[in-house]
>>> print(open('my_file_7.pdb').read())   # PDB, C-alpha atoms and all ligand atoms
MODEL        1
ATOM      1  CA  MET A   1     265.738   3.561 184.931
ATOM      2  CA  PRO A   2     269.224   2.013 184.547
ATOM      3  CA  ASP A   3     271.627   3.700 182.127
ATOM      4  CA  LEU A   4     271.416   2.489 178.548
ATOM      5  CA  THR A   5     274.488   0.637 177.310
ATOM      6  CA  GLN A   6     276.662   2.037 174.513
ATOM      7  CA  VAL A   7     275.160  -0.446 172.079
ATOM      8  CA  GLN A   8     271.615   0.482 173.091
ATOM      9  CA  LEU A   9     272.410   4.174 172.717
ATOM     10  CA  LEU A  10     273.935   3.682 169.270
ATOM     11  CA  THR A  11     270.990   1.597 168.113
ATOM     12  CA  GLU A  12     268.299   3.842 169.559
ATOM     13  CA  LEU A  13     269.933   7.030 168.287
ATOM     14  CA  GLU A  14     270.736   5.739 164.814
ATOM     15  CA  PRO A  15     267.457   7.049 163.253
ATOM     16  CA  ALA A  16     268.349  10.514 164.590
ATOM     17  CA  ALA A  17     271.895  10.146 163.220
ATOM     18  CA  GLU A  18     270.491   9.190 159.825
ATOM     19  CA  ALA A  19     268.037  12.102 159.774
ATOM     20  CA  GLU A  20     270.814  14.524 160.785
ATOM     21  CA  LEU A  21     273.216  13.102 158.227
ATOM     22  CA  ASN A  22     270.622  13.605 155.486
ATOM     23  CA  ARG A  23     269.833  17.097 156.714
ATOM     24  CA  HIS A  24     273.548  17.917 156.727
ATOM     25  CA  LEU A  25     274.100  16.577 153.206
ATOM     26  CA  SER A  26     271.131  18.558 151.897
ATOM     27  CA  LEU A  27     272.361  21.821 153.432
ATOM     28  CA  THR A  28     276.118  21.626 153.006
ATOM     29  CA  ARG A  29     277.658  23.352 150.009
ATOM     30  CA  ASP A  30     280.732  21.870 148.352
ATOM     31  CA  TRP A  31     283.730  24.156 148.131
ATOM     32  CA  HIS A  32     287.349  23.831 147.096
ATOM     33  CA  PRO A  33     290.330  25.001 149.124
ATOM     34  CA  HIS A  34     292.228  26.259 146.044
ATOM     35  CA  ASP A  35     289.483  28.846 145.439
ATOM     36  CA  TYR A  36     290.314  30.579 148.719
ATOM     37  CA  VAL A  37     294.093  31.027 148.410
ATOM     38  CA  PRO A  38     295.782  34.014 146.661
ATOM     39  CA  TRP A  39     298.240  31.920 144.658
ATOM     40  CA  ASP A  40     299.621  34.939 142.754
ATOM     41  CA  GLU A  41     301.260  36.082 146.010
ATOM     42  CA  GLY A  42     303.297  32.867 146.225
ATOM     43  CA  ARG A  43     307.023  32.642 145.582
ATOM     44  CA  ASN A  44     309.828  30.184 146.192
ATOM     45  CA  PHE A  45     311.683  29.770 149.453
ATOM     46  CA  ALA A  46     315.502  29.639 149.647
ATOM     47  CA  ALA A  47     315.744  25.880 149.009
ATOM     48  CA  MET A  48     314.386  26.580 145.515
ATOM     49  CA  GLY A  49     316.310  29.752 144.789
ATOM     50  CA  GLY A  50     313.970  32.209 146.493
ATOM     51  CA  GLU A  51     313.894  33.876 149.875
ATOM     52  CA  ASP A  52     313.135  32.334 153.271
ATOM     53  CA  TRP A  53     310.484  33.655 155.624
ATOM     54  CA  ASP A  54     311.081  36.886 157.472
ATOM     55  CA  PRO A  55     308.693  38.418 160.057
ATOM     56  CA  GLU A  56     308.501  41.598 157.946
ATOM     57  CA  GLN A  57     306.760  39.646 155.177
ATOM     58  CA  SER A  58     303.664  38.901 157.266
ATOM     59  CA  ARG A  59     300.659  41.188 157.154
ATOM     60  CA  LEU A  60     299.155  39.538 160.255
ATOM     61  CA  ASP A  61     299.458  41.155 163.672
ATOM     62  CA  PRO A  62     300.469  39.057 166.731
ATOM     63  CA  VAL A  63     296.836  38.292 167.681
ATOM     64  CA  ALA A  64     295.954  37.077 164.181
ATOM     65  CA  LYS A  65     299.182  35.048 164.038
ATOM     66  CA  ALA A  66     298.413  33.336 167.375
ATOM     67  CA  ALA A  67     294.795  32.662 166.398
ATOM     68  CA  MET A  68     295.603  31.297 162.935
ATOM     69  CA  THR A  69     298.389  29.108 164.326
ATOM     70  CA  LEU A  70     296.364  27.682 167.199
ATOM     71  CA  ASN A  71     293.293  27.121 165.024
ATOM     72  CA  LEU A  72     295.354  25.386 162.326
ATOM     73  CA  LEU A  73     297.308  23.179 164.757
ATOM     74  CA  THR A  74     293.969  22.202 166.303
ATOM     75  CA  GLU A  75     292.587  21.248 162.871
ATOM     76  CA  ASP A  76     295.814  19.327 162.165
ATOM     77  CA  ASN A  77     295.148  16.927 165.029
ATOM     78  CA  LEU A  78     292.251  15.419 163.073
ATOM     79  CA  PRO A  79     293.701  11.860 163.194
ATOM     80  CA  SER A  80     293.367  11.923 167.002
ATOM     81  CA  TYR A  81     289.782  13.169 166.855
ATOM     82  CA  HIS A  82     288.931  10.630 164.165
ATOM     83  CA  ARG A  83     290.315   7.874 166.391
ATOM     84  CA  GLU A  84     288.330   9.044 169.405
ATOM     85  CA  ILE A  85     285.091   9.614 167.564
ATOM     86  CA  THR A  86     285.353   6.218 165.862
ATOM     87  CA  GLU A  87     285.656   4.621 169.305
ATOM     88  CA  TYR A  88     282.310   5.894 170.502
ATOM     89  CA  PHE A  89     280.417   5.889 167.196
ATOM     90  CA  SER A  90     279.824   2.752 165.153
ATOM     91  CA  PRO A  91     281.778   2.277 161.896
ATOM     92  CA  ASP A  92     278.547   1.039 160.275
ATOM     93  CA  GLY A  93     275.364   2.667 158.979
ATOM     94  CA  ALA A  94     274.615   6.370 159.408
ATOM     95  CA  TRP A  95     277.168   6.726 162.238
ATOM     96  CA  GLY A  96     279.975   5.427 160.033
ATOM     97  CA  THR A  97     278.956   7.560 157.044
ATOM     98  CA  TRP A  98     278.850  10.647 159.262
ATOM     99  CA  VAL A  99     282.314   9.999 160.730
ATOM    100  CA  GLY A 100     283.790   9.683 157.238
ATOM    101  CA  ARG A 101     282.046  12.777 155.897
ATOM    102  CA  TRP A 102     282.890  14.863 158.967
ATOM    103  CA  THR A 103     286.559  13.812 158.790
ATOM    104  CA  ALA A 104     286.778  14.744 155.098
ATOM    105  CA  GLU A 105     285.222  18.159 155.742
ATOM    106  CA  GLU A 106     287.515  18.881 158.698
ATOM    107  CA  ASN A 107     290.556  17.974 156.621
ATOM    108  CA  ARG A 108     289.631  20.730 154.148
ATOM    109  CA  HIS A 109     289.994  23.290 156.909
ATOM    110  CA  GLY A 110     293.611  22.401 157.634
ATOM    111  CA  ILE A 111     294.444  22.254 153.907
ATOM    112  CA  VAL A 112     293.134  25.722 153.072
ATOM    113  CA  MET A 113     294.521  27.432 156.187
ATOM    114  CA  ARG A 114     298.026  26.045 155.658
ATOM    115  CA  ASP A 115     297.998  26.946 151.956
ATOM    116  CA  TYR A 116     296.915  30.501 152.826
ATOM    117  CA  LEU A 117     299.584  30.928 155.530
ATOM    118  CA  VAL A 118     302.416  29.562 153.389
ATOM    119  CA  VAL A 119     301.473  31.469 150.215
ATOM    120  CA  THR A 120     300.966  34.799 152.005
ATOM    121  CA  ARG A 121     303.916  34.203 154.379
ATOM    122  CA  GLY A 122     301.609  34.913 157.314
ATOM    123  CA  VAL A 123     303.616  32.892 159.860
ATOM    124  CA  ASP A 124     307.028  31.196 159.963
ATOM    125  CA  PRO A 125     306.500  27.984 157.932
ATOM    126  CA  VAL A 126     309.408  26.215 159.673
ATOM    127  CA  ALA A 127     308.027  26.890 163.168
ATOM    128  CA  LEU A 128     304.544  25.920 161.960
ATOM    129  CA  GLU A 129     305.767  22.603 160.550
ATOM    130  CA  ASN A 130     307.848  21.849 163.661
ATOM    131  CA  ASP A 131     304.827  22.557 165.860
ATOM    132  CA  ARG A 132     302.626  20.367 163.658
ATOM    133  CA  MET A 133     305.085  17.486 163.950
ATOM    134  CA  ALA A 134     305.356  17.803 167.749
ATOM    135  CA  ASN A 135     301.639  18.285 168.182
ATOM    136  CA  MET A 136     300.516  15.381 166.021
ATOM    137  CA  THR A 137     303.187  13.052 167.401
ATOM    138  CA  LYS A 138     301.830  13.765 170.872
ATOM    139  CA  GLY A 139     298.213  13.535 169.698
ATOM    140  CA  ALA A 140     295.130  14.748 171.548
ATOM    141  CA  HIS A 141     293.503  12.534 174.152
ATOM    142  CA  SER A 142     290.706  13.132 176.559
ATOM    143  CA  ASP A 143     290.135  10.631 179.360
ATOM    144  CA  ASP A 144     286.925  12.472 180.055
ATOM    145  CA  LEU A 145     285.180  11.464 176.848
ATOM    146  CA  ASN A 146     284.229   7.959 177.867
ATOM    147  CA  GLY A 147     281.276   6.879 175.827
ATOM    148  CA  LEU A 148     278.856   8.140 173.215
ATOM    149  CA  MET A 149     276.898  10.567 175.376
ATOM    150  CA  ARG A 150     279.914  12.508 176.646
ATOM    151  CA  GLY A 151     281.533  12.392 173.247
ATOM    152  CA  VAL A 152     278.505  13.885 171.509
ATOM    153  CA  ALA A 153     278.058  16.550 174.205
ATOM    154  CA  TYR A 154     281.736  17.496 173.931
ATOM    155  CA  VAL A 155     281.780  17.830 170.143
ATOM    156  CA  ALA A 156     278.564  19.880 170.168
ATOM    157  CA  VAL A 157     280.241  22.477 172.423
ATOM    158  CA  GLN A 158     283.606  22.187 170.666
ATOM    159  CA  GLU A 159     282.113  22.768 167.189
ATOM    160  CA  LEU A 160     280.371  25.884 168.491
ATOM    161  CA  GLY A 161     283.658  27.095 170.022
ATOM    162  CA  THR A 162     285.468  26.413 166.756
ATOM    163  CA  ARG A 163     282.837  28.276 164.712
ATOM    164  CA  VAL A 164     283.152  31.338 166.949
ATOM    165  CA  SER A 165     286.946  31.178 166.934
ATOM    166  CA  HIS A 166     287.270  30.906 163.130
ATOM    167  CA  LYS A 167     284.734  33.664 162.529
ATOM    168  CA  ASN A 168     286.373  36.098 164.947
ATOM    169  CA  THR A 169     289.841  35.180 163.679
ATOM    170  CA  GLY A 170     288.651  36.162 160.186
ATOM    171  CA  LYS A 171     287.927  39.658 161.446
ATOM    172  CA  ALA A 172     291.176  39.811 163.465
ATOM    173  CA  CYS A 173     293.257  39.033 160.347
ATOM    174  CA  ASN A 174     292.250  42.349 158.793
ATOM    175  CA  ASP A 175     292.579  40.750 155.364
ATOM    176  CA  PRO A 176     289.481  40.171 153.198
ATOM    177  CA  VAL A 177     291.033  37.004 151.724
ATOM    178  CA  ALA A 178     291.542  35.440 155.177
ATOM    179  CA  ASP A 179     288.143  36.637 156.320
ATOM    180  CA  ARG A 180     286.370  35.028 153.344
ATOM    181  CA  MET A 181     288.240  31.746 153.908
ATOM    182  CA  LEU A 182     287.501  31.652 157.649
ATOM    183  CA  GLN A 183     283.814  32.553 157.199
ATOM    184  CA  ARG A 184     283.606  29.589 154.802
ATOM    185  CA  ILE A 185     285.177  27.283 157.407
ATOM    186  CA  ALA A 186     282.930  28.698 160.158
ATOM    187  CA  ALA A 187     279.863  27.835 158.052
ATOM    188  CA  ASP A 188     281.021  24.180 158.031
ATOM    189  CA  GLU A 189     281.623  24.232 161.790
ATOM    190  CA  ASN A 190     278.113  25.591 162.275
ATOM    191  CA  LEU A 191     276.581  22.647 160.413
ATOM    192  CA  HIS A 192     278.752  20.241 162.431
ATOM    193  CA  MET A 193     277.536  21.871 165.643
ATOM    194  CA  ILE A 194     273.902  21.490 164.544
ATOM    195  CA  PHE A 195     274.418  17.753 163.830
ATOM    196  CA  TYR A 196     275.834  17.080 167.295
ATOM    197  CA  ARG A 197     273.418  19.451 169.047
ATOM    198  CA  ASN A 198     270.437  17.663 167.490
ATOM    199  CA  ILE A 199     271.851  14.260 168.496
ATOM    200  CA  CYS A 200     272.124  15.660 172.051
ATOM    201  CA  ALA A 201     268.456  16.687 171.829
ATOM    202  CA  ALA A 202     267.472  13.176 170.690
ATOM    203  CA  ALA A 203     269.543  11.711 173.542
ATOM    204  CA  LEU A 204     267.738  13.968 176.031
ATOM    205  CA  ASP A 205     264.417  12.560 174.794
ATOM    206  CA  LEU A 206     265.703   8.986 174.892
ATOM    207  CA  ALA A 207     267.539   8.913 178.213
ATOM    208  CA  PRO A 208     267.099  12.291 179.949
ATOM    209  CA  ASP A 209     269.070  11.613 183.155
ATOM    210  CA  GLN A 210     271.968   9.977 181.375
ATOM    211  CA  ALA A 211     272.135  12.711 178.718
ATOM    212  CA  MET A 212     271.824  15.546 181.235
ATOM    213  CA  GLU A 213     274.598  14.102 183.368
ATOM    214  CA  ALA A 214     276.885  13.844 180.334
ATOM    215  CA  ILE A 215     276.118  17.394 179.111
ATOM    216  CA  ALA A 216     276.594  18.902 182.601
ATOM    217  CA  GLY A 217     279.897  17.035 182.991
ATOM    218  CA  VAL A 218     281.206  18.374 179.676
ATOM    219  CA  VAL A 219     280.010  21.966 180.100
ATOM    220  CA  SER A 220     281.345  22.336 183.654
ATOM    221  CA  ASN A 221     284.822  21.164 182.674
ATOM    222  CA  PHE A 222     285.271  22.235 179.048
ATOM    223  CA  ASP A 223     288.595  22.782 177.310
ATOM    224  CA  MET A 224     289.162  23.235 173.584
ATOM    225  CA  PRO A 225     290.851  20.218 171.975
ATOM    226  CA  GLY A 226     294.189  22.025 171.556
ATOM    227  CA  ILE A 227     294.801  22.192 175.302
ATOM    228  CA  GLY A 228     297.674  19.685 175.298
ATOM    229  CA  MET A 229     299.724  21.432 172.630
ATOM    230  CA  PRO A 230     302.877  23.459 173.254
ATOM    231  CA  ASN A 231     302.168  27.177 173.758
ATOM    232  CA  PHE A 232     298.405  26.527 173.976
ATOM    233  CA  ARG A 233     298.090  28.659 177.093
ATOM    234  CA  ARG A 234     300.011  31.633 175.723
ATOM    235  CA  MET A 235     298.192  31.614 172.381
ATOM    236  CA  SER A 236     294.722  31.005 173.816
ATOM    237  CA  LEU A 237     295.145  33.747 176.431
ATOM    238  CA  THR A 238     296.138  36.190 173.678
ATOM    239  CA  MET A 239     293.082  35.110 171.696
ATOM    240  CA  ALA A 240     290.737  35.354 174.699
ATOM    241  CA  LYS A 241     292.067  38.808 175.608
ATOM    242  CA  HIS A 242     291.246  40.062 172.110
ATOM    243  CA  GLY A 243     287.765  38.587 171.889
ATOM    244  CA  ILE A 244     288.466  35.655 169.551
ATOM    245  CA  TYR A 245     286.389  33.343 171.747
ATOM    246  CA  ASP A 246     283.718  35.953 172.402
ATOM    247  CA  ILE A 247     280.389  34.673 171.133
ATOM    248  CA  ARG A 248     278.928  38.200 171.349
ATOM    249  CA  GLN A 249     281.246  39.390 168.553
ATOM    250  CA  HIS A 250     279.924  36.663 166.395
TER     251      HIS A 250
HETATM  252 FE    FE B 301     287.329  22.396 161.397
HETATM  253 FE    FE B 302     283.898  20.975 162.683
ENDMDL
END
>>> encode(input="my_file_7.pdb", output="structure tokens")
Amino acid sequence: MPDLTQVQLLTELEPAAEAELNRHLSLTRDWHPHDYVPWDEGRNFAAMGGEDWDPEQSRLDPVAKAAMTLNLLTEDNLPSYHREITEYFSPDGAWGTWVGRWTAEENRHGIVMRDYLVVTRGVDPVALENDRMANMTKGAHSDDLNGLMRGVAYVAVQELGTRVSHKNTGKACNDPVADRMLQRIAADENLHMIFYRNICAAALDLAPDQAMEAIAGVVSNFDMPGIGMPNFRRMSLTMAKHGIYDIRQH
């Protein structure tokens, strides 16, 4: 059987996308970033008469700092992911509604993590902002994700990786406030993973060879979306060495 075209795939898989969107909306629980940040720990920086960041102020160890920074910078690159995902999903119907909803949920993750880090002085806010600027200016691109099938397979694996990373980072922070926040984010990532995983399952039923080829291609050559960012290697090696990516700790 010849491969289905992108338009055929989108059309044939739209009922599955709609069912998954409805399942997601029925299971997801609304939450608000401000409820997860210890605002009473906040104080002004020097530009407003207070004190600038000093490493002594942070209660995070080097592993937690690396994991929080890499995870947040990865969330920050949402505009790139939105652009890519919009290219292989349709802007209309259930696909379009999902892209919008998913983007809004992902944005919450970056908001709450940055608020937490700045208020608790967990990492240097100047370095964090400089890294965000460099990282987002560069953007995240993957030449490998050509088409719907590869895109869906990639995000299914990536959402699982992100869930594991946030959950383990919560434990590594050794701070109940950070742990509660990151467990909340991980619960979102889990629902995202289930959406994409179930679309993969529908694609396997629809076009088994085409879907299997896409999934095998993604799994055999998988990198987390932050791979292009400065210091990715150093931070991700630190995280890997301390079990942040270890699904067994999950
Ligand atoms: Fe996220
Ligand atoms: Fe996600």
>>> axis_aligned_box(input="my_file_7.pdb", around="segment 160-175 of chain A", padding_each_side="6 Å", output="JSON")
{"center_x": 286.8, "center_y": 34.1, "center_z": 162.7, "size_x": 24.9, "size_y": 28.5, "size_z": 26.7}
>>> resolve_selection(input="my_file_7.pdb", expression="the PyMOL selection byres (((not hetatm)) within 8 of (chain B and resi 301))", output="list in words")
Glu75, Glu105, Glu106, Asn107, Arg108, His109, Gly110, Glu159, Thr162, Ile185, Ala186, Asp188 and Glu189 of chain A
>>> atom_distance(input="my_file_7.pdb", atom1="atom CA of Trp95 of chain A", atom2="atom CA of Thr5 of chain A")
16.5 Å
>>> resolve_selection(input="my_file_7.pdb", expression="the PyMOL selection byres (((chain A and resi 114-131) around 10) and not hetatm)", output="ChimeraX atom specification")
/A:33-34,36-44,52-62,64-66,68-70,72-73,76,109-113,132-137,173,177-178,181,229-231
>>> atom_distance(input="my_file_7.pdb", atom1="atom CA of Glu84 of chain A", atom2="atom CA of Asn22 of chain A")
23.0 Å
>>> resolve_selection(input="my_file_7.pdb", expression="the PyMOL selection byres (((chain A and resi 234-248) around 8) and not hetatm)", output="CSV table (one decimal) with C-alpha atoms, in the frame of the given file")
chain,number,residue,atom,x,y,z
A,63,VAL,CA,296.8,38.3,167.7
A,66,ALA,CA,298.4,33.3,167.4
A,67,ALA,CA,294.8,32.7,166.4
A,70,LEU,CA,296.4,27.7,167.2
A,161,GLY,CA,283.7,27.1,170.0
A,164,VAL,CA,283.2,31.3,166.9
A,165,SER,CA,286.9,31.2,166.9
A,168,ASN,CA,286.4,36.1,164.9
A,169,THR,CA,289.8,35.2,163.7
A,172,ALA,CA,291.2,39.8,163.5
A,231,ASN,CA,302.2,27.2,173.8
A,232,PHE,CA,298.4,26.5,174.0
A,233,ARG,CA,298.1,28.7,177.1
A,249,GLN,CA,281.2,39.4,168.6
A,250,HIS,CA,279.9,36.7,166.4
>>> atom_distance(input="my_file_7.pdb", atom1="atom CA of Pro225 of chain A", atom2="atom CA of Ala94 of chain A")
24.8 Å
>>> residues_around(input="my_file_7.pdb", residues="Gln6 of chain A", least_positions_apart="4", cutoff="7 Å", atoms="only C-alpha atoms", output="tab-separated table (two decimals) with C-alpha atoms, keeping the file's coordinate frame")
chain	number	residue	atom	x	y	z
A	10	LEU	CA	273.94	3.68	169.27
A	147	GLY	CA	281.28	6.88	175.83
A	148	LEU	CA	278.86	8.14	173.22
>>> closest_residue(input="my_file_7.pdb", among="A:Ala47, A:Ala216, A:Ala153, A:Leu160", to="ligand FE 302 (chain B)", atoms="all atoms listed in the file")
A:Leu160
>>> decode(input="my_file_7.pdb", residues="segment 161-172 of chain A", atoms="all heavy atoms", output="compact mmCIF listing (two decimals), in the first residue's frame")
# COMPACT_ATOMS: atom_id res chain seq x y z
N GLY A 161 9.55 11.77 28.29
CA GLY A 161 10.86 12.19 28.82
C GLY A 161 10.71 13.41 29.72
O GLY A 161 11.33 13.51 30.79
N THR A 162 9.86 14.33 29.33
CA THR A 162 9.66 15.56 30.11
C THR A 162 8.96 15.24 31.43
O THR A 162 9.31 15.78 32.48
CB THR A 162 8.81 16.56 29.28
OG1 THR A 162 9.35 16.63 27.98
CG2 THR A 162 8.84 17.93 29.89
N ARG A 163 7.99 14.34 31.38
CA ARG A 163 7.29 13.94 32.63
C ARG A 163 8.28 13.36 33.63
O ARG A 163 8.31 13.74 34.80
CB ARG A 163 6.22 12.89 32.30
CG ARG A 163 5.44 12.42 33.51
CD ARG A 163 4.64 11.18 33.22
NE ARG A 163 5.42 9.97 33.40
CZ ARG A 163 5.03 8.74 33.06
NH1 ARG A 163 3.86 8.55 32.50
NH2 ARG A 163 5.80 7.70 33.27
N VAL A 164 9.12 12.44 33.14
CA VAL A 164 10.10 11.79 34.02
C VAL A 164 11.08 12.83 34.57
O VAL A 164 11.38 12.87 35.77
CB VAL A 164 10.86 10.70 33.23
CG1 VAL A 164 12.04 10.17 34.03
CG2 VAL A 164 9.91 9.57 32.85
N SER A 165 11.55 13.71 33.69
CA SER A 165 12.53 14.71 34.10
C SER A 165 11.97 15.67 35.16
O SER A 165 12.61 15.95 36.17
CB SER A 165 12.99 15.48 32.86
OG SER A 165 13.90 16.47 33.22
N HIS A 166 10.75 16.17 34.95
CA HIS A 166 10.16 17.09 35.94
C HIS A 166 9.94 16.36 37.27
O HIS A 166 10.23 16.91 38.34
CB HIS A 166 8.81 17.62 35.45
CG HIS A 166 8.94 18.73 34.43
ND1 HIS A 166 9.70 19.85 34.64
CD2 HIS A 166 8.37 18.90 33.20
CE1 HIS A 166 9.61 20.66 33.59
NE2 HIS A 166 8.81 20.09 32.70
N LYS A 167 9.44 15.14 37.19
CA LYS A 167 9.13 14.43 38.44
C LYS A 167 10.40 14.15 39.25
O LYS A 167 10.44 14.38 40.46
CB LYS A 167 8.39 13.12 38.11
CG LYS A 167 7.71 12.54 39.32
CD LYS A 167 6.48 11.75 38.96
CE LYS A 167 5.73 11.39 40.22
NZ LYS A 167 4.52 10.66 40.01
N ASN A 168 11.44 13.69 38.57
CA ASN A 168 12.70 13.42 39.28
C ASN A 168 13.39 14.70 39.74
O ASN A 168 14.05 14.72 40.77
CB ASN A 168 13.63 12.59 38.39
CG ASN A 168 13.12 11.16 38.23
OD1 ASN A 168 12.38 10.66 39.07
ND2 ASN A 168 13.52 10.51 37.15
N THR A 169 13.24 15.77 38.96
CA THR A 169 13.81 17.05 39.38
C THR A 169 13.13 17.52 40.68
O THR A 169 13.78 18.08 41.56
CB THR A 169 13.64 18.11 38.27
OG1 THR A 169 14.33 17.67 37.11
CG2 THR A 169 14.21 19.46 38.70
N GLY A 170 11.83 17.27 40.79
CA GLY A 170 11.11 17.64 42.02
C GLY A 170 11.74 17.00 43.24
O GLY A 170 11.91 17.66 44.27
N LYS A 171 12.13 15.74 43.10
CA LYS A 171 12.76 15.06 44.24
C LYS A 171 14.16 15.63 44.47
O LYS A 171 14.59 15.83 45.60
CB LYS A 171 12.84 13.56 43.98
CG LYS A 171 11.46 12.92 43.90
CD LYS A 171 11.55 11.39 43.85
CE LYS A 171 10.20 10.80 43.50
NZ LYS A 171 10.08 10.34 42.12
N ALA A 172 14.89 15.88 43.35
CA ALA A 172 16.28 16.36 43.47
C ALA A 172 16.35 17.74 44.11
O ALA A 172 17.38 18.10 44.69
CB ALA A 172 16.93 16.39 42.08
